[in-house]
Structures are given as structure tokens and as C-alpha cells.
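J.: Before anything else, here's the structure in question.
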Amino acid sequence: MNNWTQRWDDRYSNEEFAYGEEPNNYLREQIQKLKPSAILFPAEGEGRNAIFAAKLGWNVSAFDISEEGKNKALKLAETNNVSIDYQVGELETLDFKEEQFDVIALIYAHFPAEIKSGIHKQLDKLLRKDGIIIFEAFSKKHLEYLAINDKVGGPKDIESLFSIEEIKSDFSNYEIIELEEKEIKLNEGLFHNGTGSVIRFIGKKK
């Protein structure tokens with residue numbers, strides 16, 4: 001996992017924000033339908049989504065494996081006069097409690113293929129009954145888009161990408177409010193630019 005951590009530290013160590021300072025569009029749209037409460041952002045990187053939620057009055061927690069990501073996120077929080085609880089490390093080592101959150105927002109949270117389903121199961125325990133998952137990440141079909149335009153970003157191995165079936169399996173105890181594979185245009189900072197294929201999911205924990 002050390003190479004993985006190094007990769008993200010390198011990406012986040014530049015002055016410019018890798019994925020911009022604005023929140024993801026799907027997150028922006030979905031979070032504003034909900035009443036602010038306790039929200040968790042896994043793999044939150046430089047904090048653009050967490051800071052947006054905090055500005056709306058949410059009680060925000062986030063985590064990532066990158067110390068550099070955390071540093072950028074806390075600077076962004078300071079610039080926007082908000083505070084967030086941001087922890088660094090792998091999920092099982094962190095200080096979160098069962099049923100601590102009302103919402104978990106997985107926005108391009110591409111964990112290594114061998115642990116991604118396990119992480120989803122761990123995250124489920126942190127969400128209260130009737131809690132909401134907001135999810136957007138690249139679909140397996142995205143490799144076709146990557147082949148045409150490398151600048152759209154995302155993992156280059158199919159195992160790290162998502163399918164509708166995987167989401168149904170990982171979140172089998174959820175009422176599906178929305179689940180679709182969709183072609184979208186991305187314009188997020190330096191590393192998400194162009195047309196890609198994503199899975200979008202809103203689920204309510206039963």
C-alpha cells in the first residue's frame with residue numbers, strides 16, 4: 001500500500017488542486033436535497049466536496065491515506081471559514097463509530113480492487129438506519145473513454161472500476177433510489193477532463 005500512498009501524496013503535493021476547488025456536480029445536486037446532519041467523505045483527497053458540505057452547515061468528517069491531501073483540505077477549509085474532522089490512514093485504523101453518520105458520500109472513491117468491496121461493507125456499519133449513500137465513480141465501461149482521452153482520468157484497470165451489479169451486491173441492504181450507468185462530461189481540476197462513463201447511486205439503508 002505504500003506505493004499507493006506515495007502516488008496520492010505526489011498528486012496532492014502541487015500547489016494547484018488536482019480536481020479543482022469546486023464540488024462534484026452530482027454531489028452538489030444531491031446534498032442540497034437533504035437536511036444537514038453528520039456526513040462522511042471517504043477518500044476525500046484535497047477536500048473540495050467536504051468543504052462544500054461544511055459551508056452548507058453539515059457536520060463533516062473525511063478521511064484519506066494522503067497526508068498531503070489533508071494539508072490541502074485543511075487550508076481550503078480555513079480559506080472558507082469552516083472546520084472539518086479529517087483523519088489520515090486506512091479505514092480500520094481510524095476513529096469512527098458505528099452508526100455515526102446520516103450520509104456517506106463516495107465521490108470517485110476508487111479503492112484498490114482487492115479491498116474496495118470490503119471497504120463498502122465497513123462503511124455500511126458507520127451509517128445509521130435510513131442513512132443515505134451518495135455515490136459517483138467511474139464504471140467499467142470507462143476504459144473505452146480512457147483509451148480515447150487520457151485526460152478524463154480514472155483507474156486504468158477494470159477491477160478498480162465499478163458495475164451496477166457490484167453496487168447492488170455491496171449495498172444489498174439498501175433501498176435503491178437511483179442507480180444508473182451514465183455518460184457525463186467532467187471538468188474537475190487537472191485530472192478529470194472530458195467525457196467518461198460513471199455509475200451513480202443513491203441508496204437508503206434499510
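Ordering of the C-alpha cells sets the chain letters (A, B, ...), residue numbers begin anew at 1 in every chain, and ligands are numbered from 1 in the order given.
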Near region 178-193 of chain A, within 10 Å and counting only C-alpha atoms, which residues show up once chain neighbours fewer than 5 positions away are dropped, as a PyMOL selection string?
T.: chain A and resi 11+16-25+134-142+145+149-154+162-164+167-168+198-204
J.: Just want the 10 Å neighbourhood of region 66-81 of chain A, counted on only C-alpha atoms, with same-chain residues fewer than 2 positions away dropped. Output as number ranges by chain.
T.: A: 4-18, 21, 43-52, 54-55, 62-64, 83-90
J.: Mind checking DSSP for chain A and telling me the strand (DSSP E) residues as JSON, numbers by chain?
T.: {"A": [38, 39, 40, 41, 59, 60, 61, 62, 63, 64, 85, 86, 87, 88, 101, 102, 103, 104, 105, 106, 107, 127, 128, 129, 130, 131, 132, 133, 134, 135, 136, 137, 138, 174, 175, 176, 177, 178, 179, 180, 181, 182, 183, 184, 185, 186, 187, 188, 192, 193, 194, 195, 196, 197, 198, 199, 200, 201, 202, 203, 204, 205]}
J.: DSSP on the backbone, helix (DSSP H, G or I) only: what residues of region 36-67 of chain A does that give? Format it as a list in words.
T.: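 Residues meeting the helix (DSSP H, G or I) criterion: Arg48, Asn49, Ala50, Ile51, Phe52, Ala53, Ala54, Lys55 and Glu67 of chain A.
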J.: So, counting only C-alpha atoms, which residue among A:Asn173, A:Gln122, A:Ser117, A:Asn59 is closest to Glu98 (chain A)?
T.: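 For Glu98 (chain A), the nearest of the given residues is A:Gln122.
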